[in-house]
$ cat my_file_32.cif   # mmCIF, C-alpha atoms
data_work
#
loop_
_atom_site.label_atom_id
_atom_site.label_comp_id
_atom_site.auth_asym_id
_atom_site.auth_seq_id
_atom_site.Cartn_x
_atom_site.Cartn_y
_atom_site.Cartn_z
CA MET A 1 -15.98 66.48 15.89
CA ASN A 2 -15.61 62.71 15.77
CA GLY A 3 -14.52 60.51 12.89
CA GLN A 4 -18.01 60.22 11.47
CA ASP A 5 -18.24 63.99 11.04
CA TYR A 6 -15.22 63.79 8.74
CA TYR A 7 -15.98 60.56 6.93
CA ILE A 8 -19.52 61.48 5.83
CA PRO A 9 -18.33 64.51 3.80
CA ALA A 10 -15.46 62.38 2.46
CA VAL A 11 -17.94 59.77 1.21
CA ALA A 12 -20.06 62.52 -0.36
CA MET A 13 -17.03 63.79 -2.25
CA GLY A 14 -16.19 60.23 -3.32
CA VAL A 15 -19.68 59.67 -4.69
CA SER A 16 -19.53 62.93 -6.64
CA LEU A 17 -16.14 61.92 -8.02
CA ALA A 18 -17.46 58.50 -9.04
CA PHE A 19 -20.13 60.17 -11.18
CA LYS A 20 -17.47 62.32 -12.84
CA LEU A 21 -14.92 59.60 -13.62
CA PRO A 22 -16.68 58.15 -16.71
CA THR A 23 -16.86 61.63 -18.21
CA LEU A 24 -13.23 62.26 -17.32
CA ARG A 25 -12.20 59.04 -19.03
CA ASN A 26 -13.83 60.19 -22.27
CA ASN A 27 -12.68 63.83 -22.02
CA TRP A 28 -9.29 63.64 -20.35
CA ARG A 29 -8.00 66.70 -22.22
CA ASP A 30 -10.71 68.97 -20.79
CA PRO A 31 -8.87 71.16 -18.21
CA LEU A 32 -12.10 72.14 -16.46
CA LEU A 33 -13.14 68.53 -15.97
CA ARG A 34 -9.67 67.60 -14.73
CA SER A 35 -9.81 70.49 -12.26
CA VAL A 36 -13.20 69.41 -10.92
CA CYS A 37 -12.01 65.83 -10.40
CA ALA A 38 -8.80 67.01 -8.72
CA LEU A 39 -10.84 69.25 -6.43
CA LEU A 40 -13.20 66.44 -5.41
CA THR A 41 -10.28 64.03 -4.89
CA LEU A 42 -8.38 66.45 -2.67
CA ALA A 43 -11.49 67.50 -0.74
CA GLY A 44 -12.27 63.87 0.04
CA SER A 45 -8.64 63.26 1.00
CA VAL A 46 -8.59 66.23 3.37
CA PHE A 47 -11.70 65.03 5.20
CA THR A 48 -10.38 61.45 5.34
CA PHE A 49 -6.89 62.20 6.62
CA ALA A 50 -7.98 65.01 8.97
CA ALA A 51 -10.27 62.67 10.92
CA PRO A 52 -8.77 61.87 14.35
CA PRO A 53 -9.03 58.08 13.83
CA THR A 54 -7.13 58.39 10.54
CA ILE A 55 -4.55 60.70 12.11
CA GLU A 56 -3.90 58.14 14.84
CA ALA A 57 -3.74 55.27 12.33
CA VAL A 58 -1.30 57.06 10.01
CA ASN A 59 0.96 57.99 12.90
CA ARG A 60 0.95 54.37 14.07
CA TRP A 61 1.60 52.95 10.57
CA THR A 62 4.53 55.28 9.93
CA GLY A 63 5.93 55.07 13.46
CA ILE A 64 6.43 58.86 13.44
CA PRO A 65 4.52 60.91 16.05
CA ASN A 66 2.44 63.60 14.36
CA PHE A 67 3.37 62.47 10.84
CA SER A 68 -0.25 63.21 9.91
CA ALA A 69 0.17 66.92 10.65
CA PRO A 70 2.32 67.86 7.63
CA LEU A 71 0.37 65.34 5.52
CA VAL A 72 -2.96 67.02 6.29
CA TYR A 73 -1.48 70.49 5.87
CA CYS A 74 -0.08 69.52 2.47
CA LEU A 75 -3.49 68.18 1.42
CA ILE A 76 -5.22 71.38 2.59
CA THR A 77 -2.69 73.46 0.65
CA ALA A 78 -3.14 71.31 -2.46
CA PHE A 79 -6.91 71.67 -2.10
CA SER A 80 -6.51 75.46 -1.96
CA ALA A 81 -4.47 75.36 -5.17
CA ALA A 82 -7.03 73.08 -6.83
CA CYS A 83 -9.80 75.57 -6.05
CA LEU A 84 -7.82 78.42 -7.58
CA VAL A 85 -6.95 76.41 -10.69
CA LEU A 86 -10.55 75.30 -11.09
CA ILE A 87 -11.95 78.81 -10.91
CA VAL A 88 -9.34 80.03 -13.43
CA ASN A 89 -10.26 77.29 -15.91
CA TRP A 90 -13.97 77.69 -15.21
CA ARG A 91 -13.86 81.43 -15.89
CA GLY A 92 -12.17 80.73 -19.19
CA GLY A 93 -10.36 83.20 -21.44
CA PRO A 94 -7.45 82.89 -23.84
CA PRO A 95 -6.09 79.33 -23.42
CA GLU A 96 -2.47 80.46 -23.10
CA GLU A 97 -3.34 82.98 -20.40
CA THR A 98 -5.44 80.43 -18.54
CA ARG A 99 -2.59 77.91 -18.61
CA ARG A 100 -0.10 80.56 -17.48
CA ILE A 101 -2.19 81.64 -14.49
CA SER A 102 -2.92 78.03 -13.53
CA ARG A 103 0.77 77.18 -13.77
CA ARG A 104 1.66 80.06 -11.46
CA TRP A 105 -0.78 78.96 -8.79
CA ILE A 106 0.39 75.36 -9.07
CA LEU A 107 4.06 76.33 -8.82
CA GLY A 108 3.46 78.73 -5.92
CA TYR A 109 1.47 76.28 -3.85
CA GLY A 110 3.76 73.45 -4.92
CA ALA A 111 6.63 75.34 -3.30
CA VAL A 112 4.58 75.69 -0.11
CA ILE A 113 3.79 71.96 -0.14
CA ALA A 114 7.48 71.14 -0.57
CA THR A 115 8.42 73.43 2.33
CA LEU A 116 5.96 72.03 4.86
CA PRO A 117 7.60 68.56 5.27
CA LEU A 118 11.02 70.20 5.40
CA LEU A 119 9.96 72.41 8.32
CA PHE A 120 8.49 69.35 10.06
CA LEU A 121 11.80 67.50 9.69
CA LEU A 122 13.73 70.48 11.08
CA GLY A 123 11.39 70.85 14.03
CA ASP A 124 10.80 68.62 17.02
CA ALA A 125 7.28 67.30 17.73
CA PRO A 126 7.70 64.13 19.79
CA VAL A 127 4.32 64.17 21.60
CA GLU A 128 1.40 62.96 19.50
CA ARG A 129 -1.45 65.46 19.36
CA LEU A 130 -4.60 64.34 17.54
CA ARG A 131 -6.70 67.48 17.93
CA ASP A 132 -4.58 70.40 19.15
CA PHE A 133 -1.33 70.11 17.21
CA ASP A 134 -1.49 73.76 16.09
CA THR A 135 -1.75 75.26 19.55
CA TYR A 136 0.37 72.69 21.39
CA TYR A 137 3.37 73.33 19.11
CA ALA A 138 2.62 77.00 18.35
CA ASN A 139 5.89 78.12 19.98
CA THR A 140 8.13 75.26 18.79
CA PRO A 141 10.85 76.38 16.34
CA TYR A 142 10.22 75.36 12.73
CA ILE A 143 6.89 73.77 13.69
CA ARG A 144 5.71 77.29 14.42
CA GLU A 145 6.70 78.35 10.91
CA LEU A 146 5.06 75.24 9.44
CA ILE A 147 1.74 76.12 11.09
CA ALA A 148 1.93 79.78 10.08
CA LEU A 149 2.85 78.92 6.48
CA TYR A 150 -0.07 76.58 5.84
CA LEU A 151 -2.52 79.00 7.49
CA VAL A 152 -1.26 81.94 5.41
CA ALA A 153 -1.41 79.89 2.20
CA HIS A 154 -4.96 78.81 2.98
CA ASN A 155 -5.95 82.36 3.90
CA VAL A 156 -4.54 83.80 0.66
CA ALA A 157 -6.45 81.25 -1.39
CA ALA A 158 -9.67 82.02 0.50
CA PHE A 159 -9.32 85.78 -0.04
CA VAL A 160 -8.54 85.33 -3.74
CA MET A 161 -11.44 82.93 -4.22
CA VAL A 162 -13.92 85.31 -2.56
CA ALA A 163 -12.69 88.24 -4.66
CA MET A 164 -12.63 86.35 -7.97
CA CYS A 165 -15.99 84.64 -7.50
CA TRP A 166 -17.71 87.80 -6.28
CA ARG A 167 -16.49 89.86 -9.26
CA TRP A 168 -17.40 87.10 -11.69
CA SER A 169 -20.87 86.64 -10.15
CA LEU A 170 -21.66 90.27 -10.97
CA GLN A 171 -21.05 89.58 -14.67
CA VAL A 172 -23.10 86.39 -15.16
CA ARG A 173 -26.62 85.10 -14.60
CA GLY A 174 -28.45 81.84 -14.02
CA TRP A 175 -27.05 78.75 -12.34
CA LEU A 176 -23.48 79.98 -12.75
CA ARG A 177 -24.20 83.03 -10.65
CA VAL A 178 -25.95 80.91 -8.01
CA GLY A 179 -22.95 78.59 -7.88
CA LEU A 180 -20.50 81.46 -7.55
CA MET A 181 -22.49 83.01 -4.71
CA ILE A 182 -22.54 79.64 -2.92
CA ILE A 183 -18.75 79.38 -3.37
CA VAL A 184 -18.36 82.86 -1.87
CA LEU A 185 -20.45 81.79 1.12
CA GLY A 186 -18.35 78.65 1.52
CA TYR A 187 -15.13 80.63 1.49
CA VAL A 188 -16.49 83.07 4.04
CA PHE A 189 -16.62 80.03 6.34
CA ASN A 190 -13.06 79.15 5.26
CA LEU A 191 -11.96 82.67 6.21
CA SER A 192 -13.67 82.17 9.56
CA TYR A 193 -11.73 78.92 9.96
CA ASP A 194 -8.48 80.78 9.29
CA ALA A 195 -9.46 83.52 11.74
CA THR A 196 -10.17 81.05 14.56
CA LYS A 197 -7.00 79.07 13.93
CA MET A 198 -4.81 82.16 13.71
CA SER A 199 -6.40 83.68 16.80
CA ALA A 200 -5.66 80.54 18.82
CA VAL A 201 -2.07 80.35 17.55
CA VAL A 202 -1.37 84.05 18.09
CA ALA A 203 -2.85 83.75 21.58
CA ARG A 204 -0.26 81.05 22.31
CA TRP A 205 2.48 83.33 20.97
CA THR A 206 1.40 86.06 23.38
CA GLY A 207 1.05 83.74 26.35
CA HIS A 208 -2.73 83.33 26.33
CA ASP A 209 -4.96 80.28 25.95
CA LEU A 210 -7.68 80.31 23.30
CA ASP A 211 -7.17 76.69 22.29
CA TRP A 212 -10.92 76.04 22.16
CA LEU A 213 -11.11 78.20 19.04
CA SER A 214 -8.78 75.80 17.23
CA THR A 215 -9.93 72.48 18.66
CA ASP A 216 -13.70 72.98 19.04
CA LEU A 217 -14.82 75.78 16.70
CA ALA A 218 -12.48 75.64 13.71
CA PRO A 219 -13.08 71.99 12.56
CA PRO A 220 -16.89 72.22 12.11
CA VAL A 221 -16.51 75.63 10.46
CA ALA A 222 -13.98 74.18 8.00
CA SER A 223 -16.18 71.15 7.31
CA LEU A 224 -19.23 73.30 6.62
CA GLY A 225 -17.24 75.69 4.43
CA ALA A 226 -15.76 72.88 2.35
CA LEU A 227 -19.16 71.26 1.81
CA ILE A 228 -20.78 74.56 0.80
CA SER A 229 -17.93 75.34 -1.59
CA ALA A 230 -18.12 71.89 -3.15
CA VAL A 231 -21.84 72.37 -3.74
CA GLY A 232 -21.10 75.71 -5.37
CA PHE A 233 -18.59 74.12 -7.73
CA VAL A 234 -20.74 71.13 -8.67
CA LEU A 235 -24.23 72.68 -8.75
CA PRO A 236 -23.87 74.84 -11.89
CA LEU A 237 -22.20 72.01 -13.82
CA VAL A 238 -24.89 69.50 -12.83
CA CYS A 239 -27.76 71.93 -13.36
CA GLN A 240 -26.40 73.00 -16.73
CA ARG A 241 -26.18 69.38 -17.79
CA VAL A 242 -29.73 68.72 -16.58
CA SER A 243 -30.92 71.86 -18.34
CA ASP A 244 -29.24 70.83 -21.59
CA SER A 245 -30.74 67.37 -21.33
CA TRP A 246 -34.17 68.83 -20.67
CA GLN A 247 -33.84 71.13 -23.68
CA ASN A 248 -32.81 68.19 -25.86
CA TRP A 249 -35.79 66.14 -24.68
CA ALA A 250 -38.10 69.10 -25.29
CA THR A 251 -36.73 69.56 -28.80
CA TYR A 252 -37.04 65.82 -29.44
CA ARG A 253 -40.71 65.90 -28.45
CA ARG A 254 -41.47 69.07 -30.43
CA LEU A 255 -40.02 67.50 -33.55
CA GLY A 256 -42.46 64.60 -33.21
CA ALA A 257 -45.14 66.01 -35.52
CA LEU A 258 -42.67 66.70 -38.33
CA TRP A 259 -40.91 63.36 -37.85
CA HIS A 260 -44.18 61.40 -38.07
CA GLU A 261 -45.18 63.45 -41.12
CA VAL A 262 -42.06 62.71 -43.17
CA GLN A 263 -41.96 59.04 -42.12
CA ILE A 264 -44.83 58.50 -44.55
CA SER A 265 -42.51 59.43 -47.41
CA ALA A 266 -39.79 56.93 -46.48
CA PRO A 267 -39.47 54.18 -49.13
CA SER A 268 -40.41 50.69 -48.03
CA GLY A 269 -37.44 48.76 -46.75
CA THR A 270 -35.68 51.87 -45.42
CA PRO A 271 -33.65 50.75 -42.39
CA CYS A 272 -34.83 52.16 -39.09
CA VAL A 273 -32.23 53.06 -36.47
CA ARG A 274 -33.43 51.77 -33.10
CA MET A 275 -32.19 53.66 -30.06
CA SER A 276 -31.56 51.88 -26.76
CA TRP A 277 -33.72 53.02 -23.85
CA TRP A 278 -30.67 54.47 -22.11
CA ALA A 279 -29.56 56.54 -25.13
CA ALA A 280 -28.87 60.17 -24.26
CA ALA A 281 -31.46 62.81 -25.09
CA GLU A 282 -28.98 64.61 -27.33
CA LEU A 283 -28.35 61.46 -29.36
CA ARG A 284 -32.08 60.86 -29.76
CA MET A 285 -32.63 64.45 -30.88
CA ILE A 286 -29.80 64.24 -33.41
CA GLN A 287 -31.17 60.97 -34.79
CA ARG A 288 -34.66 62.44 -35.12
CA GLU A 289 -33.26 65.48 -36.96
CA SER A 290 -31.33 63.13 -39.26
CA ASP A 291 -34.50 61.15 -39.98
CA ILE A 292 -36.32 64.36 -40.85
CA HIS A 293 -33.59 65.47 -43.24
CA ASP A 294 -33.65 62.04 -44.87
CA GLY A 295 -37.41 62.43 -45.24
CA PHE A 296 -36.92 65.75 -46.99
CA LEU A 297 -34.58 64.09 -49.47
CA HIS A 298 -37.23 61.47 -50.27
CA LEU A 299 -39.87 64.20 -50.61
CA GLY A 300 -37.66 66.39 -52.81
CA PRO A 301 -39.30 65.42 -56.15
CA TYR A 302 -42.72 66.26 -54.71
CA PHE A 303 -41.94 69.70 -53.29
CA ASP A 304 -44.00 72.35 -55.06
CA GLN A 305 -42.86 75.92 -54.57
CA ARG A 306 -46.36 77.15 -55.39
CA HIS A 307 -47.70 75.64 -52.18
CA ARG A 308 -44.96 77.34 -50.23
CA ASP A 309 -45.47 80.75 -51.84
CA GLY A 310 -49.21 80.63 -51.32
CA ALA A 311 -48.91 79.58 -47.68
CA LEU A 312 -46.29 82.29 -47.06
CA ALA A 313 -48.59 84.96 -48.46
CA ARG A 314 -51.56 83.78 -46.38
CA ALA A 315 -49.48 83.57 -43.19
CA LEU A 316 -48.12 87.08 -43.65
CA ALA A 317 -51.59 88.37 -44.43
CA GLY A 318 -52.82 86.73 -41.22
CA GLY A 319 -50.37 88.81 -39.18
CA ALA A 320 -47.58 86.27 -38.62
CA ASP A 321 -44.04 87.56 -38.29
CA GLU A 322 -41.63 86.73 -41.08
CA GLU A 323 -39.88 83.87 -39.29
CA THR A 324 -43.14 82.19 -38.30
CA ALA A 325 -44.58 82.75 -41.79
CA ARG A 326 -41.60 81.04 -43.39
CA ALA A 327 -41.98 78.06 -41.04
CA VAL A 328 -45.67 77.83 -41.90
CA ALA A 329 -44.81 78.01 -45.62
CA ASP A 330 -42.24 75.22 -45.28
CA ALA A 331 -44.69 73.13 -43.28
CA ALA A 332 -47.40 73.64 -45.90
CA MET A 333 -45.05 72.54 -48.68
CA VAL A 334 -44.02 69.47 -46.67
CA ALA A 335 -47.66 68.54 -45.98
CA ALA A 336 -48.53 68.91 -49.68
CA ALA A 337 -45.47 66.87 -50.70
CA VAL A 338 -46.42 64.08 -48.29
CA ARG A 339 -49.91 64.02 -49.80
CA ALA A 340 -48.41 63.91 -53.28
CA ARG A 341 -46.04 61.12 -52.33
CA THR A 342 -48.92 59.12 -50.86
CA ALA A 343 -50.84 59.55 -54.12
CA ASP A 344 -47.84 58.15 -56.02
CA PRO A 345 -47.21 54.75 -54.40
CA GLU A 346 -45.26 53.54 -57.44
CA GLY A 347 -42.83 56.43 -57.18
CA LYS A 348 -43.37 57.47 -60.80
CA VAL A 349 -42.44 61.06 -60.12
CA ILE A 350 -38.72 61.07 -60.80
CA GLY A 351 -38.01 64.70 -61.60
CA ALA A 352 -38.16 67.89 -59.67
CA SER A 353 -37.95 71.47 -60.71
CA GLU A 354 -34.62 73.16 -60.17
CA GLU A 355 -36.18 75.50 -57.66
CA SER A 356 -37.76 72.72 -55.61
CA ALA A 357 -34.59 70.65 -55.63
CA GLN A 358 -32.64 73.60 -54.37
CA HIS A 359 -35.09 74.10 -51.51
CA ALA A 360 -34.92 70.42 -50.61
CA ALA A 361 -31.13 70.57 -50.54
CA ASP A 362 -31.12 73.66 -48.35
CA GLY A 363 -33.41 72.03 -45.82
CA PRO A 364 -35.76 73.72 -43.38
CA ARG A 365 -34.97 76.94 -41.63
CA ASP A 366 -36.31 75.85 -38.22
CA LEU A 367 -37.40 72.26 -37.72
CA VAL A 368 -39.12 72.93 -34.41
CA ARG A 369 -41.17 75.81 -35.85
CA ILE A 370 -42.11 73.70 -38.88
CA SER A 371 -43.19 70.85 -36.62
CA HIS A 372 -45.31 73.23 -34.55
CA ALA A 373 -46.89 74.69 -37.71
CA LEU A 374 -47.75 71.21 -38.99
CA ARG A 375 -49.77 70.58 -35.86
CA HIS A 376 -51.29 74.00 -35.13
CA SER A 377 -51.29 76.27 -38.20
CA PRO A 378 -54.70 76.78 -39.88
CA VAL A 379 -52.83 77.63 -43.09
CA VAL A 380 -51.24 74.17 -43.15
CA ALA A 381 -54.58 72.57 -42.30
CA GLU A 382 -56.12 74.39 -45.28
CA VAL A 383 -53.33 73.18 -47.60
CA ARG A 384 -53.92 69.62 -46.40
CA ARG A 385 -57.64 69.99 -47.08
CA GLN A 386 -57.10 71.42 -50.55
CA THR A 387 -54.59 68.78 -51.61
CA ALA A 388 -56.81 66.03 -50.28
CA LEU A 389 -59.77 67.34 -52.31
CA SER A 390 -57.75 67.86 -55.48
CA GLY A 391 -55.80 64.61 -55.15
CA ALA A 392 -52.57 66.48 -55.78
CA PRO A 393 -50.47 64.43 -58.15
CA GLY A 394 -47.17 66.02 -57.25
CA VAL A 395 -44.77 67.90 -59.44
#
$ encode --input "my_file_32.cif" --output "structure tokens"
Amino acid sequence: MNGQDYYIPAVAMGVSLAFKLPTLRNNWRDPLLRSVCALLTLAGSVFTFAAPPTIEAVNRWTGIPNFSAPLVYCLITAFSAACLVLIVNWRGGPPEETRRISRRWILGYGAVIATLPLLFLLGDAPVERLRDFDTYYANTPYIRELIALYLVAHNVAAFVMVAMCWRWSLQVRGWLRVGLMIIVLGYVFNLSYDATKMSAVVARWTGHDLDWLSTDLAPPVASLGALISAVGFVLPLVCQRVSDSWQNWATYRRLGALWHEVQISAPSGTPCVRMSWWAAAELRMIQRESDIHDGFLHLGPYFDQRHRDGALARALAGGADEETARAVADAAMVAAAVRARTADPEGKVIGASEESAQHAADGPRDLVRISHALRHSPVVAEVRRQTALSGAPGV
């Protein structure tokens, strides 16, 4: 693998991190979000500093042959810890237990990270090796232990991640399950990376030469595994956000009929909140719901419980279930109240029955169902026709 093979994944991780940073700035206390950003940062760092051109540059800048080796191994170990912490926070549970487990992983891998530079200082690695450091120094005292320690730490993390994600995937559905299965696949590649590296190192210990496993096979396997795992971590979060946004937009659109209906009742001069074109779907939906509730308050004096009771009875008689019938009844009362408000342009109706006022204060049971009934229910259409013919004066 050349430098480009490392830098392209690093850039991909950087772009993903850039999209997450604004959210992190607004939700710094969210442990899951912090874990995701830490994971992306460390993944990008591993790819960047493991590239042969970067290894050569770091060694030259520091003036220490093979200084990049413990640096890259520390980054790989930190990345392993970040994956474990992320999956613990992602899975959730009692906050204290989650913090305790995360702290244990951080402390354990922190100890490994602190040990790696110490072993490098105790050892002797004077010949710069850009691609085959593991096998070249596999029998060098202290350097041998450094290599074995980082491989074991990475292998433990990979086994734990496969076990945790597999068990969790059996308990969930949807995008989360897809993401967990992708993570499992990614860590199968990571286990393959460990197997190739360990095989090459053990071969050196026993006097054999399988260096090609470490220098030629292991790097692309590790790169592919890291990319697959990163997709598994990010995909469910992105897809859930897209799904939530889609649901909010769908709700916003479905509320359109009810929103347009109650706008007729708004007094002249009522300020209108204008949303910017880039406003989030959730904000637009909330504003539309607020407008509808304000409309109900204006219509309160014109609500007539008789319209609601009659529409409820007709909807139930027509075979509607109770929830749908109640939405139809609410929609019929709203439609009649709008007609009554239109017939009273001077706003002379200033009182409302206690029962109607209470219903107005309680608000609708299901705004989306009411909006749908306003547009499609024949019962509501009949109430509109009757009130139009009678010129309903309101309460």
$ closest_residue --input "my_file_32.cif" --among "A:Pro70, A:Gly295, A:Gly108, A:Gly174" --to "Gly123 in chain A" --atoms "all atoms listed in the file"
A:Pro70
$ closest_residue --input "my_file_32.cif" --among "A:His154, A:Arg177, A:Lys20, A:His298" --to "Cys83 in chain A" --atoms "only C-alpha atoms"
A:His154
$ residues_around --input "my_file_32.cif" --residues "range 184-191 of chain A" --least-positions-apart "5" --cutoff "10 Å" --atoms "only C-alpha atoms" --output "VMD selection string"
chain A and resid 154 to 166 169 178 to 179 196 to 197 218 220 to 232
$ write_last_selection --input "my_file_32.cif" --atoms "C-alpha atoms" --output "compact mmCIF listing (two decimals), in the frame of the given file"
# COMPACT_ATOMS: atom_id res chain seq x y z
CA HIS A 154 -4.96 78.81 2.98
CA ASN A 155 -5.95 82.36 3.90
CA VAL A 156 -4.54 83.80 0.66
CA ALA A 157 -6.45 81.25 -1.39
CA ALA A 158 -9.67 82.02 0.50
CA PHE A 159 -9.32 85.78 -0.04
CA VAL A 160 -8.54 85.33 -3.74
CA MET A 161 -11.44 82.93 -4.22
CA VAL A 162 -13.92 85.31 -2.56
CA ALA A 163 -12.69 88.24 -4.66
CA MET A 164 -12.63 86.35 -7.97
CA CYS A 165 -15.99 84.64 -7.50
CA TRP A 166 -17.71 87.80 -6.28
CA SER A 169 -20.87 86.64 -10.15
CA VAL A 178 -25.95 80.91 -8.01
CA GLY A 179 -22.95 78.59 -7.88
CA THR A 196 -10.17 81.05 14.56
CA LYS A 197 -7.00 79.07 13.93
CA ALA A 218 -12.48 75.64 13.71
CA PRO A 220 -16.89 72.22 12.11
CA VAL A 221 -16.51 75.63 10.46
CA ALA A 222 -13.98 74.18 8.00
CA SER A 223 -16.18 71.15 7.31
CA LEU A 224 -19.23 73.30 6.62
CA GLY A 225 -17.24 75.69 4.43
CA ALA A 226 -15.76 72.88 2.35
CA LEU A 227 -19.16 71.26 1.81
CA ILE A 228 -20.78 74.56 0.80
CA SER A 229 -17.93 75.34 -1.59
CA ALA A 230 -18.12 71.89 -3.15
CA VAL A 231 -21.84 72.37 -3.74
CA GLY A 232 -21.10 75.71 -5.37
$ resolve_selection --input "my_file_32.cif" --expression "the PyMOL selection byres ((chain A and resi 310) around 10)" --output "VMD selection string"
chain A and resid 305 to 309 311 to 315 329 332 to 333 379 383
$ write_last_selection --input "my_file_32.cif" --atoms "C-alpha atoms" --output "short mmCIF file (atom, residue, chain, number, x, y, z; two decimals), keeping the file's coordinate frame"
data_model
loop_
_atom_site.label_atom_id
_atom_site.label_comp_id
_atom_site.auth_asym_id
_atom_site.auth_seq_id
_atom_site.Cartn_x
_atom_site.Cartn_y
_atom_site.Cartn_z
CA GLN A 305 -42.86 75.92 -54.57
CA ARG A 306 -46.36 77.15 -55.39
CA HIS A 307 -47.70 75.64 -52.18
CA ARG A 308 -44.96 77.34 -50.23
CA ASP A 309 -45.47 80.75 -51.84
CA ALA A 311 -48.91 79.58 -47.68
CA LEU A 312 -46.29 82.29 -47.06
CA ALA A 313 -48.59 84.96 -48.46
CA ARG A 314 -51.56 83.78 -46.38
CA ALA A 315 -49.48 83.57 -43.19
CA ALA A 329 -44.81 78.01 -45.62
CA ALA A 332 -47.40 73.64 -45.90
CA MET A 333 -45.05 72.54 -48.68
CA VAL A 379 -52.83 77.63 -43.09
CA VAL A 383 -53.33 73.18 -47.60
#
$ atom_distance --input "my_file_32.cif" --atom1 "CA of Pro65 in chain A" --atom2 "CA of Arg129 in chain A"
8.2 Å
$ closest_residue --input "my_file_32.cif" --among "A:Tyr150, A:Phe120, A:Phe233, A:Trp246" --to "Ile183 in chain A" --atoms "all atoms listed in the file"
A:Phe233
$ resolve_selection --input "my_file_32.cif" --expression "the PyMOL selection byres ((chain A and resi 281) around 6)" --output "list in words"
Ser245, Asn248, Trp249, Ala280, Glu282, Leu283 and Arg284 of chain A
$ residues_around --input "my_file_32.cif" --residues "Ile106 in chain A" --least-positions-apart "2" --cutoff "9 Å" --atoms "all atoms listed in the file" --output "list in words"
Ala78, Ala81, Ala82, Leu84, Val85, Ile101, Ser102, Arg103, Arg104, Gly108, Tyr109, Gly110 and Ala111 of chain A
$ write_last_selection --input "my_file_32.cif" --atoms "C-alpha atoms" --output "compact mmCIF listing (two decimals), in the coordinates of the input"
# COMPACT_ATOMS: atom_id res chain seq x y z
CA ALA A 78 -3.14 71.31 -2.46
CA ALA A 81 -4.47 75.36 -5.17
CA ALA A 82 -7.03 73.08 -6.83
CA LEU A 84 -7.82 78.42 -7.58
CA VAL A 85 -6.95 76.41 -10.69
CA ILE A 101 -2.19 81.64 -14.49
CA SER A 102 -2.92 78.03 -13.53
CA ARG A 103 0.77 77.18 -13.77
CA ARG A 104 1.66 80.06 -11.46
CA GLY A 108 3.46 78.73 -5.92
CA TYR A 109 1.47 76.28 -3.85
CA GLY A 110 3.76 73.45 -4.92
CA ALA A 111 6.63 75.34 -3.30
$ atom_distance --input "my_file_32.cif" --atom1 "CA of Ala337 in chain A" --atom2 "CA of Arg254 in chain A"
20.8 Å
$ build_atoms --input "my_file_32.cif" --residues "range 310-322 of chain A" --atoms "N, CA and C atoms" --output "JSON list (two decimals), in the frame of the given file"
[["chain", "number", "residue", "atom", "x", "y", "z"],
["A", 310, "GLY", "N", -47.84, 80.30, -51.72],
["A", 310, "GLY", "CA", -49.21, 80.63, -51.32],
["A", 310, "GLY", "C", -49.37, 80.63, -49.82],
["A", 311, "ALA", "N", -48.81, 79.64, -49.14],
["A", 311, "ALA", "CA", -48.91, 79.58, -47.68],
["A", 311, "ALA", "C", -48.18, 80.75, -47.04],
["A", 312, "LEU", "N", -47.04, 81.15, -47.59],
["A", 312, "LEU", "CA", -46.29, 82.29, -47.06],
["A", 312, "LEU", "C", -47.13, 83.56, -47.14],
["A", 313, "ALA", "N", -47.76, 83.77, -48.28],
["A", 313, "ALA", "CA", -48.59, 84.96, -48.46],
["A", 313, "ALA", "C", -49.76, 84.97, -47.47],
["A", 314, "ARG", "N", -50.42, 83.83, -47.29],
["A", 314, "ARG", "CA", -51.56, 83.78, -46.38],
["A", 314, "ARG", "C", -51.12, 83.98, -44.92],
["A", 315, "ALA", "N", -49.95, 83.40, -44.56],
["A", 315, "ALA", "CA", -49.48, 83.57, -43.19],
["A", 315, "ALA", "C", -49.12, 85.02, -42.89],
["A", 316, "LEU", "N", -48.47, 85.67, -43.84],
["A", 316, "LEU", "CA", -48.12, 87.08, -43.65],
["A", 316, "LEU", "C", -49.38, 87.93, -43.60],
["A", 317, "ALA", "N", -50.33, 87.62, -44.44],
["A", 317, "ALA", "CA", -51.59, 88.37, -44.43],
["A", 317, "ALA", "C", -52.35, 88.16, -43.13],
["A", 318, "GLY", "N", -52.15, 87.01, -42.49],
["A", 318, "GLY", "CA", -52.82, 86.73, -41.22],
["A", 318, "GLY", "C", -52.14, 87.36, -40.03],
["A", 319, "GLY", "N", -51.05, 88.10, -40.26],
["A", 319, "GLY", "CA", -50.37, 88.81, -39.18],
["A", 319, "GLY", "C", -49.18, 88.10, -38.58],
["A", 320, "ALA", "N", -48.75, 86.99, -39.15],
["A", 320, "ALA", "CA", -47.58, 86.27, -38.62],
["A", 320, "ALA", "C", -46.31, 87.04, -38.92],
["A", 321, "ASP", "N", -45.33, 86.95, -38.01],
["A", 321, "ASP", "CA", -44.04, 87.56, -38.29],
["A", 321, "ASP", "C", -43.34, 86.75, -39.37],
["A", 322, "GLU", "N", -42.28, 87.33, -39.92],
["A", 322, "GLU", "CA", -41.63, 86.73, -41.08],
["A", 322, "GLU", "C", -41.08, 85.34, -40.79]]
